[in-house]
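J.: First, the structure itself, so that you have it in front of you.
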Amino acid sequence: MPLVLASTSPYRRQLLNRLQIPFSVAAPFVDETPIIAELPDARALRLAEEKALALAAEYPDSLILGGDQTIADGECLFDKPGTRDNAIAQLLQMCGRQLTFFTAVALADTSNGSVTTRLLTHRARFRMANENEIRRYVEKEDATNCAGGAQIEGLGISLMDDIRGGDPTALIGMPLICVASLLRQHGIAIP
């Protein structure tokens with residue numbers, strides 16, 4: 001059964017490539033506007049599922065993998081900053097705090113209409129950093145298009161004091177241990 005990654009994220013594509021299985025990529029065109037009072041974990045799950053289902057009509061008899069990630073401190077959500085100035089402001093706000101990363105995946109089987117979702121939770125403590133350090137980081141790495149603005153897979157790791165969780169790839173946006181398990185359950189041989 002063909003596998004489709006419902007994402008425009010180059011990070012998710014790179015991660016899924018690690019599993020060395022064939023897949024195609026398609027943009028899911030989902031409205032990511034937050035719902036009032038929606039909790040960060042619920043938002044990640046909702047968007048992952050919406051992304052997977054957004055392509056169902058275009059890809060019959062396929063497996064469609066959607067994913068999303070939110071980062072929060074309690075109910076305070078840290079989104080993709082969008083601009084360098086927003087990234088600096090947001091990262092300064094995150095310094096010295098322990099944040100929770102909620103990484104969700106949804107696998108839609110369009111042959112039978114089923115959708116399986118999973119949510120992984122990781123905790124990361126951002127170290128105390130001054131404004132000059134944050135500015136240097138943002139100058140060296142484009143942090144505008146990732147949740148929270150800190151790319152853990154790159155130089156953003158230097159902003160961390162500690163990370164706790166079960167699947168390090170979840171912090172980058174695609175929990176490969178979980179995804180590999182879901183795909184094996186749907187008959188895809190890995191490895």
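Scheme for the structure tokens: letters A, B, ... for chains in order shown; per-chain residue numbers from 1; ligand numbers from 1 in order shown.
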Quick one: contact table of range 139-171 of chain A to range 91-106 of chain A, 8 Å max, nearest atom pair and distance in Å to one decimal per residue, counting only C-alpha atoms, chain and number order, as a Markdown table?

T.:
| residue | atom | partner | partner_atom | distance |
| --- | --- | --- | --- | --- |
| A:Gly148 | CA | A:Leu91 | CA | 7.3 |
| A:Gly149 | CA | A:Leu91 | CA | 6.7 |
| A:Ala150 | CA | A:Leu91 | CA | 7.5 |
| A:Ala170 | CA | A:Thr103 | CA | 6.0 |
| A:Leu171 | CA | A:Phe101 | CA | 6.9 |

J.: Within range 1-131 of chain A, find each residue whose DSSP state, derived from the backbone, is strand (DSSP E), and express the selection as JSON, numbers by chain.

T.: {"A": [3, 4, 5, 6, 24, 25, 26, 63, 64, 65, 66, 67, 68, 69, 70, 71, 72, 73, 76, 77, 78, 98, 99, 100, 101, 102, 103, 104, 105, 106, 107, 108, 109, 114, 115, 116, 117, 118, 119, 120, 121, 122, 123, 124, 125, 126]}

J.: Would you please work out which residue, of A:Pro10, A:Pro2, A:Pro22, A:Pro81, is nearest to Leu63 in chain A when using only C-alpha atoms?

T.: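 So, comparing all the options, the nearest one is A:Pro2.
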
J.: Pick out the closest residue to Pro34 in chain A from this set: A:Ser7, A:Asn17, A:Ser114, A:Thr70. Count only C-alpha atoms.

T.: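 Among the listed residues, A:Thr70 lies closest to Pro34 in chain A.
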
J.: Using only C-alpha atoms, pick whichever of A:Ser158, A:Thr169, A:Asn132, A:Asn86 has the shortest atom-to-atom distance to Gln69 in chain A.

T.: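 Checking each of A:Ser158, A:Thr169, A:Asn132, A:Asn86 against Gln69 in chain A, counting only C-alpha atoms, the winner is A:Thr169.
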
J.: For each of A:Val138, A:Leu15, A:Ala108, A:Ile190, take the minimum atom-to-atom distance to Pro168 in chain A, counting only C-alpha atoms, then give the residue where this is smallest.

T.: A:Leu15
